[in-house]
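Visitor: Provided herewith: final_5.cif, mmCIF, C-alpha atoms.
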data_my_file
#
loop_
_atom_site.label_atom_id
_atom_site.label_comp_id
_atom_site.auth_asym_id
_atom_site.auth_seq_id
_atom_site.Cartn_x
_atom_site.Cartn_y
_atom_site.Cartn_z
CA MET A 1172 124.09 57.28 -21.88
CA THR A 1173 121.76 54.62 -20.50
CA ALA A 1174 121.39 53.44 -24.10
CA ILE A 1175 125.15 52.82 -24.29
CA SER A 1176 125.21 50.94 -20.99
CA GLN A 1177 122.28 48.74 -22.15
CA PHE A 1178 124.10 48.10 -25.42
CA LEU A 1179 127.20 47.08 -23.46
CA SER A 1180 125.27 44.81 -21.10
CA ASP A 1181 123.61 43.07 -24.08
CA LEU A 1182 127.01 42.29 -25.62
CA PRO A 1183 128.05 38.67 -25.08
CA PRO A 1184 130.46 38.36 -22.14
CA TRP A 1185 134.10 37.99 -23.16
CA PRO A 1186 134.57 34.23 -23.68
CA THR A 1187 136.98 32.17 -21.60
CA HIS A 1188 139.74 30.18 -23.36
CA LEU A 1189 137.34 27.27 -23.78
CA GLY A 1190 134.72 29.70 -25.04
CA TRP A 1191 137.06 30.88 -27.79
CA ALA A 1192 137.42 27.24 -28.78
CA TRP A 1193 133.62 27.13 -29.28
CA VAL A 1194 133.78 30.28 -31.38
CA LEU A 1195 136.35 28.61 -33.65
CA ILE A 1196 134.68 25.18 -33.69
CA THR A 1197 131.33 26.72 -34.73
CA LEU A 1198 133.07 28.65 -37.50
CA ALA A 1199 134.93 25.52 -38.62
CA ALA A 1200 131.69 23.51 -38.73
CA TYR A 1201 130.07 26.25 -40.83
CA ILE A 1202 133.00 26.42 -43.26
CA LEU A 1203 132.98 22.61 -43.55
CA VAL A 1204 129.25 22.66 -44.38
CA MET A 1205 129.68 25.42 -46.97
CA TRP A 1206 132.46 23.44 -48.59
CA PHE A 1207 130.39 20.23 -48.57
CA ARG A 1208 127.47 22.05 -50.21
CA ARG A 1209 129.52 22.73 -53.30
CA PHE A 1210 129.26 19.05 -54.19
CA VAL A 1211 125.54 18.45 -53.63
CA ILE A 1212 122.31 19.74 -55.16
CA LYS A 1213 121.22 22.55 -52.86
CA SER A 1214 117.83 22.03 -51.25
CA ALA A 1215 115.83 22.84 -48.16
CA TRP A 1216 117.14 19.71 -46.48
CA ASN A 1217 120.81 20.68 -46.69
CA ALA A 1218 120.49 24.42 -45.95
CA PRO A 1219 123.71 25.61 -44.19
CA LEU A 1220 121.78 26.31 -40.99
CA VAL A 1221 120.29 22.81 -40.89
CA LEU A 1222 123.58 20.99 -41.49
CA THR A 1223 125.72 23.20 -39.23
CA SER A 1224 123.19 22.95 -36.38
CA LEU A 1225 122.92 19.17 -36.76
CA LEU A 1226 126.71 18.82 -36.79
CA MET A 1227 127.13 21.00 -33.69
CA ALA A 1228 124.21 19.34 -31.87
CA PHE A 1229 125.68 15.93 -32.61
CA GLY A 1230 129.05 17.07 -31.22
CA LEU A 1231 127.57 18.60 -28.08
CA ILE A 1232 125.52 15.47 -27.33
CA LEU A 1233 128.41 13.12 -28.14
CA PHE A 1234 130.79 14.88 -25.75
CA ASP A 1235 128.05 15.63 -23.22
CA ILE A 1236 128.58 19.39 -23.26
CA PRO A 1237 125.87 21.51 -21.62
CA TYR A 1238 124.29 24.25 -23.72
CA GLU A 1239 125.38 26.93 -21.20
CA GLY A 1240 128.98 25.80 -21.63
CA TYR A 1241 128.69 26.05 -25.39
CA MET A 1242 127.10 29.52 -25.17
CA ASP A 1243 130.25 30.79 -23.43
CA GLY A 1244 131.56 31.19 -26.96
CA GLY A 1245 128.42 30.58 -29.02
CA ALA A 1246 126.88 33.83 -27.83
CA VAL A 1247 129.55 35.71 -29.79
CA TRP A 1248 128.15 34.47 -33.13
CA GLY A 1249 124.59 34.84 -31.93
CA TRP A 1250 125.11 38.55 -31.31
CA PHE A 1251 125.73 39.14 -35.03
CA LEU A 1252 122.06 38.39 -35.77
CA MET A 1253 121.48 41.97 -34.63
CA PRO A 1254 123.49 43.71 -37.40
CA ALA A 1255 122.24 41.06 -39.88
CA THR A 1256 118.64 42.02 -39.12
CA VAL A 1257 119.47 45.71 -39.36
CA ALA A 1258 121.05 44.95 -42.77
CA MET A 1259 117.68 43.77 -44.11
CA ALA A 1260 116.96 47.45 -44.66
CA ILE A 1261 119.22 47.10 -47.74
CA PRO A 1262 117.06 44.65 -49.83
CA LEU A 1263 114.06 46.61 -48.62
CA TYR A 1264 115.50 49.88 -49.95
CA ASP A 1265 116.71 48.23 -53.16
CA HIS A 1266 113.12 47.43 -54.11
CA ILE A 1267 111.58 50.66 -52.95
CA ASP A 1268 110.13 51.36 -56.41
CA ILE A 1269 108.14 48.11 -56.58
CA LEU A 1270 107.21 48.64 -52.94
CA ARG A 1271 105.70 52.05 -53.74
CA GLN A 1272 103.99 50.82 -56.92
CA ARG A 1273 102.23 47.86 -55.35
CA LEU A 1274 102.07 49.21 -51.82
CA SER A 1275 98.42 48.50 -51.05
CA SER A 1276 98.40 44.96 -52.50
CA ILE A 1277 101.65 44.12 -50.72
CA LEU A 1278 100.60 45.53 -47.36
CA ILE A 1279 97.16 43.92 -47.38
CA GLY A 1280 98.70 40.60 -48.46
CA ILE A 1281 101.32 40.73 -45.73
CA VAL A 1282 98.98 41.86 -42.96
CA SER A 1283 96.33 39.23 -43.78
CA GLY A 1284 98.92 36.44 -44.10
CA SER A 1285 100.61 37.50 -40.89
CA LEU A 1286 97.37 37.70 -38.90
CA VAL A 1287 96.20 34.30 -40.18
CA ALA A 1288 99.59 32.69 -39.39
CA VAL A 1289 99.73 34.07 -35.83
CA ALA A 1290 96.04 33.47 -35.08
CA SER A 1291 96.00 29.89 -36.42
CA ALA A 1292 99.14 28.93 -34.46
CA LEU A 1293 97.69 30.35 -31.24
CA LEU A 1294 94.28 28.77 -31.87
CA VAL A 1295 95.81 25.32 -32.34
CA ALA A 1296 97.96 25.72 -29.22
CA GLY A 1297 95.05 27.11 -27.20
CA PHE A 1298 92.74 24.36 -28.39
CA ILE A 1299 95.14 21.51 -27.53
CA GLY A 1300 96.39 23.28 -24.41
CA VAL A 1301 100.05 24.13 -23.80
CA ALA A 1302 102.22 25.68 -21.12
CA PRO A 1303 101.94 29.51 -21.02
CA GLU A 1304 105.55 29.98 -22.15
CA THR A 1305 104.94 27.67 -25.13
CA PHE A 1306 101.86 29.70 -26.05
CA VAL A 1307 103.76 33.00 -26.16
CA SER A 1308 106.72 31.37 -27.90
CA LEU A 1309 104.47 30.37 -30.82
CA ALA A 1310 103.23 33.90 -31.51
CA PRO A 1311 106.26 35.29 -33.37
CA LYS A 1312 106.88 32.09 -35.40
CA SER A 1313 106.70 33.67 -38.83
CA VAL A 1314 109.24 36.43 -38.33
CA THR A 1315 112.95 35.90 -38.66
CA THR A 1316 114.75 34.56 -35.56
CA PRO A 1317 116.46 37.70 -34.18
CA ILE A 1318 113.22 39.66 -34.39
CA ALA A 1319 111.24 36.70 -33.05
CA ILE A 1320 113.59 36.28 -30.09
CA GLY A 1321 113.48 40.04 -29.53
CA ILE A 1322 109.68 39.98 -29.52
CA GLY A 1323 109.55 36.73 -27.59
CA SER A 1324 111.76 37.96 -24.78
CA GLU A 1325 109.60 41.08 -24.54
CA ILE A 1326 106.52 38.93 -23.95
CA GLY A 1327 108.08 36.13 -21.88
CA GLY A 1328 108.78 33.37 -24.43
CA LEU A 1329 111.73 30.96 -24.27
CA SER A 1330 114.42 32.00 -26.74
CA GLY A 1331 115.58 28.43 -27.42
CA LEU A 1332 112.03 27.30 -28.14
CA ILE A 1333 111.32 30.37 -30.28
CA ALA A 1334 114.47 29.81 -32.33
CA ALA A 1335 113.60 26.15 -32.84
CA ILE A 1336 110.02 26.95 -33.84
CA VAL A 1337 111.13 29.66 -36.26
CA VAL A 1338 113.78 27.49 -37.91
CA ILE A 1339 111.44 24.50 -38.28
CA THR A 1340 108.74 26.81 -39.67
CA GLY A 1341 111.17 28.13 -42.29
CA ILE A 1342 112.31 24.70 -43.41
CA PHE A 1343 108.76 23.34 -43.50
CA GLY A 1344 107.67 26.42 -45.46
CA ILE A 1345 110.13 25.98 -48.29
CA ILE A 1346 109.33 22.27 -48.56
CA VAL A 1347 105.54 22.69 -48.77
CA GLY A 1348 105.57 26.04 -50.61
CA PRO A 1349 105.70 24.61 -54.17
CA MET A 1350 102.90 22.15 -53.38
CA VAL A 1351 100.64 24.90 -52.00
CA PHE A 1352 101.25 27.07 -55.07
CA ARG A 1353 100.48 24.19 -57.43
CA LEU A 1354 97.30 23.26 -55.55
CA MET A 1355 96.05 26.86 -55.55
CA GLY A 1356 97.17 27.57 -59.11
CA ILE A 1357 99.39 30.49 -58.11
CA THR A 1358 101.96 31.05 -60.83
CA ASP A 1359 102.83 34.73 -60.16
CA VAL A 1360 106.41 34.76 -58.83
CA LYS A 1361 105.70 38.00 -56.96
CA ALA A 1362 102.91 36.33 -54.98
CA GLN A 1363 105.08 33.25 -54.37
CA GLY A 1364 107.98 35.39 -53.15
CA LEU A 1365 105.75 37.36 -50.82
CA ALA A 1366 104.39 34.11 -49.35
CA TYR A 1367 107.89 32.63 -48.86
CA GLY A 1368 109.20 35.76 -47.14
CA LEU A 1369 106.14 36.04 -44.95
CA ALA A 1370 105.67 32.47 -43.79
CA ALA A 1371 109.25 31.18 -44.01
CA HIS A 1372 111.18 34.43 -43.22
CA ALA A 1373 114.96 34.44 -43.93
CA ILE A 1374 115.05 30.74 -44.87
CA GLY A 1375 112.20 31.29 -47.34
CA THR A 1376 113.89 34.41 -48.69
CA ALA A 1377 117.11 32.53 -49.37
CA GLU A 1378 115.13 29.82 -51.20
CA ALA A 1379 113.18 32.41 -53.25
CA LEU A 1380 116.45 34.14 -54.24
CA ARG A 1381 117.79 30.80 -55.40
CA VAL A 1382 114.74 30.15 -57.62
CA ASN A 1383 114.23 33.60 -59.17
CA PRO A 1384 115.60 37.12 -58.44
CA LEU A 1385 112.20 38.83 -58.66
CA MET A 1386 110.72 36.21 -56.34
CA GLY A 1387 113.64 36.85 -54.00
CA SER A 1388 113.08 40.59 -53.97
CA PHE A 1389 109.42 40.13 -53.01
CA ALA A 1390 110.41 37.66 -50.32
CA ALA A 1391 112.88 40.19 -48.87
CA LEU A 1392 110.12 42.76 -48.94
CA ALA A 1393 107.67 40.52 -47.08
CA LEU A 1394 110.37 39.52 -44.60
CA GLY A 1395 111.24 43.12 -43.80
CA VAL A 1396 107.71 44.51 -43.70
CA ASN A 1397 106.37 41.55 -41.72
CA GLY A 1398 109.28 41.75 -39.26
CA LEU A 1399 108.71 45.44 -38.84
CA LEU A 1400 104.93 45.27 -38.42
CA THR A 1401 105.10 42.24 -36.14
CA GLY A 1402 107.89 43.87 -34.13
CA LEU A 1403 105.86 47.04 -33.79
CA PHE A 1404 102.47 45.56 -32.93
CA LEU A 1405 102.70 41.95 -31.71
CA PRO A 1406 104.36 42.64 -28.31
CA ALA A 1407 101.66 45.15 -27.40
CA ILE A 1408 98.87 42.83 -28.61
CA MET A 1409 100.31 39.83 -26.73
CA LEU A 1410 100.83 41.80 -23.52
CA TRP A 1411 97.27 43.03 -23.72
CA PHE A 1412 96.15 39.47 -24.50
CA THR A 1413 97.99 37.83 -21.60
CA GLY A 1414 97.14 40.65 -19.21
CA GLY A 1415 100.72 41.94 -19.04
CA SER A 1416 101.89 39.00 -16.95
CA MET B 589 138.02 49.84 -49.73
CA VAL B 590 139.22 49.28 -46.14
CA ARG B 591 138.03 52.81 -45.38
CA SER B 592 134.55 52.19 -46.81
CA ILE B 593 134.19 48.91 -44.91
CA PHE B 594 135.24 50.67 -41.71
CA LEU B 595 132.67 53.41 -42.36
CA GLY B 596 130.05 50.72 -43.05
CA CYS B 597 130.76 49.12 -39.66
CA VAL B 598 130.49 52.53 -37.99
CA VAL B 599 127.07 53.11 -39.62
CA PHE B 600 125.82 49.71 -38.38
CA LEU B 601 127.13 50.39 -34.87
CA PHE B 602 125.46 53.79 -34.93
CA CYS B 603 122.13 52.25 -36.00
CA ILE B 604 122.26 49.70 -33.18
CA LEU B 605 123.18 52.30 -30.54
CA ALA B 606 120.49 54.68 -31.82
CA ALA B 607 118.04 51.75 -31.71
CA TYR B 608 118.78 51.22 -28.00
CA GLY B 609 118.27 54.94 -27.51
CA LEU B 610 114.94 54.99 -29.36
CA ARG B 611 113.69 51.98 -27.44
CA LEU B 612 114.45 53.71 -24.13
CA LEU B 613 112.97 57.01 -25.33
CA THR B 614 109.70 55.59 -26.59
CA GLY B 615 109.32 52.78 -24.05
CA TRP B 616 107.56 50.70 -26.76
CA PHE B 617 107.96 46.93 -26.83
CA VAL B 618 109.77 47.02 -30.15
CA PRO B 619 112.88 44.83 -30.42
CA VAL B 620 116.19 46.67 -30.88
CA PRO B 621 116.97 45.03 -34.30
CA VAL B 622 113.63 46.29 -35.66
CA TRP B 623 114.41 49.84 -34.56
CA GLY B 624 117.85 49.45 -36.13
CA MET B 625 116.29 48.40 -39.43
CA VAL B 626 113.99 51.44 -39.37
CA ILE B 627 116.91 53.78 -38.63
CA LEU B 628 119.10 52.33 -41.41
CA PHE B 629 116.19 52.52 -43.86
CA SER B 630 115.66 56.17 -42.90
CA ILE B 631 119.35 56.88 -43.52
CA PHE B 632 118.99 55.41 -47.04
CA LEU B 633 115.90 57.54 -47.65
CA ILE B 634 117.73 60.70 -46.57
CA LEU B 635 120.86 59.90 -48.60
CA GLY B 636 118.84 58.62 -51.56
CA ARG B 637 121.18 55.62 -51.94
CA VAL B 638 122.91 52.76 -50.10
CA PRO B 639 126.52 53.80 -49.34
CA ASP B 640 129.11 51.38 -50.70
CA GLY B 641 130.60 50.42 -47.32
CA VAL B 642 127.18 49.79 -45.78
CA ARG B 643 126.28 47.54 -48.72
CA ARG B 644 129.52 45.55 -48.37
CA VAL B 645 129.15 45.01 -44.63
CA GLY B 646 125.40 44.34 -45.00
CA LYS B 647 125.93 41.76 -47.75
CA PHE B 648 128.55 40.01 -45.64
CA VAL B 649 126.35 39.68 -42.54
CA LEU B 650 123.28 38.70 -44.60
CA ASP B 651 125.23 36.07 -46.58
CA HIS B 652 126.46 34.37 -43.42
CA MET B 653 123.31 34.66 -41.38
CA ALA B 654 123.12 30.86 -41.14
CA LEU B 655 126.25 30.88 -38.94
CA PHE B 656 124.72 33.43 -36.57
CA PHE B 657 121.54 31.35 -36.36
CA VAL B 658 123.40 28.29 -35.05
CA PRO B 659 123.70 29.24 -31.33
CA PRO B 660 120.00 30.09 -30.84
CA THR B 661 118.98 27.00 -32.83
CA LEU B 662 121.04 24.76 -30.53
CA GLY B 663 118.85 26.04 -27.69
CA ILE B 664 116.45 23.27 -28.71
CA LEU B 665 118.82 20.87 -26.90
CA VAL B 666 117.67 22.14 -23.50
CA LEU B 667 113.97 21.88 -24.34
CA GLY B 668 113.59 18.10 -23.99
CA PRO B 669 111.00 18.05 -21.17
CA LEU B 670 108.93 20.87 -22.69
CA LEU B 671 108.79 19.13 -26.06
CA GLN B 672 107.55 15.95 -24.42
CA THR B 673 104.45 17.72 -23.12
CA ASP B 674 103.86 20.36 -25.80
CA GLY B 675 105.62 18.80 -28.80
CA LEU B 676 102.48 17.65 -30.62
CA ALA B 677 100.69 20.99 -30.19
CA ILE B 678 103.80 22.83 -31.41
CA ALA B 679 104.10 20.58 -34.47
CA LEU B 680 100.43 20.97 -35.41
CA ALA B 681 100.55 24.74 -34.86
CA ILE B 682 103.61 25.02 -37.12
CA ILE B 683 102.10 22.87 -39.89
CA LEU B 684 98.70 24.56 -39.97
CA SER B 685 99.85 28.15 -39.57
CA THR B 686 102.67 27.83 -42.11
CA LEU B 687 100.34 26.34 -44.74
CA LEU B 688 97.72 29.02 -44.08
CA GLY B 689 100.32 31.81 -43.98
CA ILE B 690 101.70 30.80 -47.39
CA GLY B 691 98.29 30.25 -48.96
CA VAL B 692 96.58 33.39 -47.64
CA THR B 693 99.48 35.74 -48.45
CA ALA B 694 99.84 34.44 -52.02
CA ALA B 695 96.07 34.38 -52.65
CA VAL B 696 95.33 37.85 -51.24
CA PHE B 697 98.24 39.49 -53.04
CA SER B 698 97.57 37.89 -56.43
CA PHE B 699 93.84 38.70 -56.17
CA LEU B 700 94.49 42.40 -55.39
CA ASN B 701 97.32 42.61 -57.90
CA ARG B 702 95.14 41.26 -60.74
CA ARG B 703 92.24 43.44 -59.71
CA PHE B 704 93.94 46.81 -59.31
CA GLU B 705 97.10 46.63 -61.35
CA ARG B 706 97.47 45.57 -64.94
#
Translate the structure of the given file into structure tokens.
Guide:
Amino acid sequence: MTAISQFLSDLPPWPTHLGWAWVLITLAAYILVMWFRRFVIKSAWNAPLVLTSLLMAFGLILFDIPYEGYMDGGAVWGWFLMPATVAMAIPLYDHIDILRQRLSSILIGIVSGSLVAVASALLVAGFIGVAPETFVSLAPKSVTTPIAIGIGSEIGGLSGLIAAIVVITGIFGIIVGPMVFRLMGITDVKAQGLAYGLAAHAIGTAEALRVNPLMGSFAALALGVNGLLTGLFLPAIMLWFTGGS
Amino acid sequence: MVRSIFLGCVVFLFCILAAYGLRLLTGWFVPVPVWGMVILFSIFLILGRVPDGVRRVGKFVLDHMALFFVPPTLGILVLGPLLQTDGLAIALAIILSTLLGIGVTAAVFSFLNRRFER
């Protein structure tokens, strides 16, 4: 029963009248962006998330609306990241045959990529020197936002900073991905997909799906497995690392 | 069709509630959505397929994930002061670790794949 009460307390509070306006305005901005994208060549720069966020940010700044005020209604949409993350079990299950066939190569690839991504981010931050909450917020940067925020809040990161870091990582990843592959001579779409899903999470997976279905399936695989492994192990490692503070 | 979508929603709700339960039971620092993904995956394994309603609801939420990402992304608006002090470190960390993450994953996988599988 405690599980149900925790579920209920995690639900966004019922929005006020103004909050419902934010629910509708966010939806309207998203629909507008999706409509606009029918007329342009789709790329990393005009991903729906990028354009909708820019549009909303512009509006909030223009009318001087505090983020807390916006979240009165915004939190309603944010909650749906939970079922969306749960739904990633579907692409994962769809490719269960390839997953079984190449299990060792996939797992070793994902684990090494994931460790290198987390370690290098923390090394750079530790070397330059950042605030403790920035340090922890960088750790889950390669997993998709809902998981990253979930992990981050377990270990004391700032959810706004985590979300921003994760989104920027995803966009940067799909822009530099093709260059990295060309430089390293990697032509295997399976390897490319795995790298997109691992380093650029959901944004990378969407890009991989756009380029090639097989690439997309490997990206979904890396996204799911990386999210799962990071979700399972990173919080414990970070808590041990920071001394549980 | 309405019935299968309704059943799909019920399955998702069940997974999320069960995830909260598992998190409390185990006491591990595993985020609720990750538990939910594990539970849904287990359901598919037991059934041996993805039920139609679950696929419909799942496709819908995955297709429109960008919309759900917007509120947390806007959180960057309240980070002004933090970005002034840590902005450079954050940018460098993102650039380096994303490049390395892409390169290492692709290189390790294609090496092993060529080596062990024809």
Visitor: To one decimal place, how far is CA of Phe1234 (chain A) from CA of Asp1181 (chain A) in Å?
Guide: 29.1 Å
Visitor: Using only C-alpha atoms, find each residue of chain B with at least one atom at most 7 Å away from an atom of chain A; report its shortest atom-to-atom pair and that distance in Å (one decimal), sort the rows by chain and rising residue number, and return the result as a tab-separated table.
Guide:
residue	atom	partner	partner_atom	distance
B:Phe600	CA	A:Pro1254	CA	6.5
B:Leu605	CA	A:Ile1175	CA	6.6
B:Tyr608	CA	A:Ala1174	CA	5.2
B:Gly609	CA	A:Ala1174	CA	4.9
B:Leu612	CA	A:Ala1174	CA	6.9
B:Phe617	CA	A:Pro1406	CA	5.8
B:Val618	CA	A:Leu1403	CA	5.3
B:Pro619	CA	A:Gly1321	CA	4.9
B:Pro621	CA	A:Met1253	CA	5.5
B:Val622	CA	A:Leu1399	CA	5.9
B:Gly624	CA	A:Val1257	CA	5.2
B:Met625	CA	A:Val1257	CA	4.2
B:Leu628	CA	A:Ala1260	CA	6.2
B:Phe629	CA	A:Ala1260	CA	5.2
B:Gly646	CA	A:Ala1258	CA	4.9
B:Val649	CA	A:Ala1255	CA	5.1
B:Leu650	CA	A:Ala1255	CA	5.4
B:Met653	CA	A:Ala1255	CA	6.7
B:Ala654	CA	A:Leu1220	CA	4.7
B:Leu655	CA	A:Tyr1201	CA	6.3
B:Phe656	CA	A:Gly1249	CA	4.9
B:Phe657	CA	A:Gly1249	CA	6.4
B:Val658	CA	A:Ser1224	CA	5.5
B:Pro659	CA	A:Gly1245	CA	5.4
B:Pro660	CA	A:Ala1334	CA	5.7
B:Thr661	CA	A:Ala1334	CA	5.3
B:Leu662	CA	A:Ala1228	CA	6.4
B:Gly663	CA	A:Gly1331	CA	4.1
B:Ile664	CA	A:Gly1331	CA	5.4
B:Val666	CA	A:Tyr1238	CA	7.0
B:Leu667	CA	A:Leu1332	CA	6.9
B:Asp674	CA	A:Val1301	CA	5.7
B:Ala677	CA	A:Ala1296	CA	5.5
B:Ile678	CA	A:Ala1296	CA	6.9
B:Ala681	CA	A:Ala1292	CA	4.4
B:Ile682	CA	A:Thr1340	CA	6.0
B:Leu684	CA	A:Ser1291	CA	6.9
B:Ser685	CA	A:Ala1288	CA	4.6
B:Thr686	CA	A:Ala1370	CA	5.8
B:Leu688	CA	A:Ala1288	CA	6.2
B:Gly689	CA	A:Ala1288	CA	4.7
B:Ile690	CA	A:Ala1366	CA	4.7
B:Gly691	CA	A:Val1351	CA	6.6
B:Val692	CA	A:Gly1284	CA	5.2
B:Thr693	CA	A:Gly1284	CA	4.4
B:Ala694	CA	A:Ala1362	CA	4.7
B:Val696	CA	A:Gly1280	CA	5.2
B:Phe697	CA	A:Gly1280	CA	4.7
B:Ser698	CA	A:Ala1362	CA	5.7
B:Leu700	CA	A:Ser1276	CA	5.5
B:Asn701	CA	A:Ser1276	CA	6.0
Visitor: Got a sec: who's within 12 Å of Arg591 (chain B), counting all atoms listed in the file, leaving out chain neighbours fewer than 2 positions off, as a ChimeraX atom specification?
Guide: /B:589,593-598,640-642,644-645
Visitor: What separation in Å, quoted to one decimal, exists between CA of Phe1210 (chain A) and CA of Leu1226 (chain A)?
Guide: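 These atoms are spaced 17.6 Å apart.
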Visitor: One decimal, Å: what's the distance from CA of Leu1270 (chain A) over to CA of Arg611 (chain B), could you say?
Guide: 26.5 Å
Visitor: With the PyMOL selection byres ((chain A and resi 1186) around 10) as the selection, what would be picked from this file? Answer as a PyMOL selection string, please.
Guide: chain A and resi 1183-1185+1187-1194+1242-1247
Visitor: Using the incomplete input, complete region 1405-1412 of chain A to the level of all heavy atoms; output as a PDB file, in the coordinates of the input.
Guide:
ATOM      1  N   LEU A1405     102.967  43.198 -32.427  1.00  0.00           N
ATOM      2  CA  LEU A1405     102.700  41.950 -31.710  1.00  0.00           C
ATOM      3  C   LEU A1405     102.958  42.020 -30.195  1.00  0.00           C
ATOM      4  O   LEU A1405     102.130  41.553 -29.417  1.00  0.00           O
ATOM      5  CB  LEU A1405     103.478  40.779 -32.337  1.00  0.00           C
ATOM      6  CG  LEU A1405     103.127  39.420 -31.728  1.00  0.00           C
ATOM      7  CD1 LEU A1405     101.701  39.018 -32.086  1.00  0.00           C
ATOM      8  CD2 LEU A1405     104.091  38.343 -32.199  1.00  0.00           C
ATOM      9  N   PRO A1406     104.123  42.612 -29.757  1.00  0.00           N
ATOM     10  CA  PRO A1406     104.360  42.640 -28.310  1.00  0.00           C
ATOM     11  C   PRO A1406     103.223  43.318 -27.551  1.00  0.00           C
ATOM     12  O   PRO A1406     102.750  42.797 -26.538  1.00  0.00           O
ATOM     13  CB  PRO A1406     105.663  43.434 -28.181  1.00  0.00           C
ATOM     14  CG  PRO A1406     106.356  43.230 -29.474  1.00  0.00           C
ATOM     15  CD  PRO A1406     105.253  43.181 -30.498  1.00  0.00           C
ATOM     16  N   ALA A1407     102.749  44.441 -28.072  1.00  0.00           N
ATOM     17  CA  ALA A1407     101.660  45.150 -27.400  1.00  0.00           C
ATOM     18  C   ALA A1407     100.399  44.299 -27.372  1.00  0.00           C
ATOM     19  O   ALA A1407      99.741  44.173 -26.336  1.00  0.00           O
ATOM     20  CB  ALA A1407     101.397  46.475 -28.110  1.00  0.00           C
ATOM     21  N   ILE A1408     100.076  43.660 -28.530  1.00  0.00           N
ATOM     22  CA  ILE A1408      98.870  42.830 -28.610  1.00  0.00           C
ATOM     23  C   ILE A1408      98.961  41.668 -27.617  1.00  0.00           C
ATOM     24  O   ILE A1408      98.025  41.385 -26.870  1.00  0.00           O
ATOM     25  CB  ILE A1408      98.667  42.282 -30.042  1.00  0.00           C
ATOM     26  CG1 ILE A1408      98.382  43.454 -30.991  1.00  0.00           C
ATOM     27  CG2 ILE A1408      97.530  41.274 -30.088  1.00  0.00           C
ATOM     28  CD1 ILE A1408      98.334  43.055 -32.454  1.00  0.00           C
ATOM     29  N   MET A1409     100.147  40.991 -27.605  1.00  0.00           N
ATOM     30  CA  MET A1409     100.310  39.830 -26.730  1.00  0.00           C
ATOM     31  C   MET A1409     100.243  40.228 -25.264  1.00  0.00           C
ATOM     32  O   MET A1409      99.662  39.523 -24.441  1.00  0.00           O
ATOM     33  CB  MET A1409     101.638  39.114 -27.019  1.00  0.00           C
ATOM     34  CG  MET A1409     101.668  38.328 -28.313  1.00  0.00           C
ATOM     35  SD  MET A1409     100.365  37.088 -28.443  1.00  0.00           S
ATOM     36  CE  MET A1409     100.934  35.880 -27.241  1.00  0.00           C
ATOM     37  N   LEU A1410     100.848  41.356 -24.924  1.00  0.00           N
ATOM     38  CA  LEU A1410     100.830  41.800 -23.520  1.00  0.00           C
ATOM     39  C   LEU A1410      99.414  42.119 -23.086  1.00  0.00           C
ATOM     40  O   LEU A1410      98.995  41.806 -21.974  1.00  0.00           O
ATOM     41  CB  LEU A1410     101.743  43.014 -23.334  1.00  0.00           C
ATOM     42  CG  LEU A1410     103.232  42.691 -23.287  1.00  0.00           C
ATOM     43  CD1 LEU A1410     104.047  43.963 -23.228  1.00  0.00           C
ATOM     44  CD2 LEU A1410     103.547  41.810 -22.078  1.00  0.00           C
ATOM     45  N   TRP A1411      98.671  42.722 -24.011  1.00  0.00           N
ATOM     46  CA  TRP A1411      97.270  43.030 -23.720  1.00  0.00           C
ATOM     47  C   TRP A1411      96.490  41.731 -23.557  1.00  0.00           C
ATOM     48  O   TRP A1411      95.679  41.564 -22.659  1.00  0.00           O
ATOM     49  CB  TRP A1411      96.710  43.859 -24.874  1.00  0.00           C
ATOM     50  CG  TRP A1411      95.243  44.072 -24.802  1.00  0.00           C
ATOM     51  CD1 TRP A1411      94.568  44.922 -23.965  1.00  0.00           C
ATOM     52  CD2 TRP A1411      94.252  43.409 -25.582  1.00  0.00           C
ATOM     53  NE1 TRP A1411      93.227  44.827 -24.195  1.00  0.00           N
ATOM     54  CE2 TRP A1411      92.995  43.908 -25.178  1.00  0.00           C
ATOM     55  CE3 TRP A1411      94.310  42.443 -26.597  1.00  0.00           C
ATOM     56  CZ2 TRP A1411      91.798  43.473 -25.747  1.00  0.00           C
ATOM     57  CZ3 TRP A1411      93.122  42.013 -27.160  1.00  0.00           C
ATOM     58  CH2 TRP A1411      91.883  42.527 -26.737  1.00  0.00           C
ATOM     59  N   PHE A1412      96.826  40.757 -24.449  1.00  0.00           N
ATOM     60  CA  PHE A1412      96.150  39.470 -24.500  1.00  0.00           C
ATOM     61  C   PHE A1412      96.394  38.654 -23.229  1.00  0.00           C
ATOM     62  O   PHE A1412      95.489  38.043 -22.677  1.00  0.00           O
ATOM     63  CB  PHE A1412      96.682  38.719 -25.726  1.00  0.00           C
ATOM     64  CG  PHE A1412      95.823  37.588 -26.190  1.00  0.00           C
ATOM     65  CD1 PHE A1412      94.555  37.831 -26.666  1.00  0.00           C
ATOM     66  CD2 PHE A1412      96.299  36.285 -26.161  1.00  0.00           C
ATOM     67  CE1 PHE A1412      93.762  36.798 -27.103  1.00  0.00           C
ATOM     68  CE2 PHE A1412      95.501  35.244 -26.599  1.00  0.00           C
ATOM     69  CZ  PHE A1412      94.229  35.503 -27.078  1.00  0.00           C
TER      70      PHE A1412
END
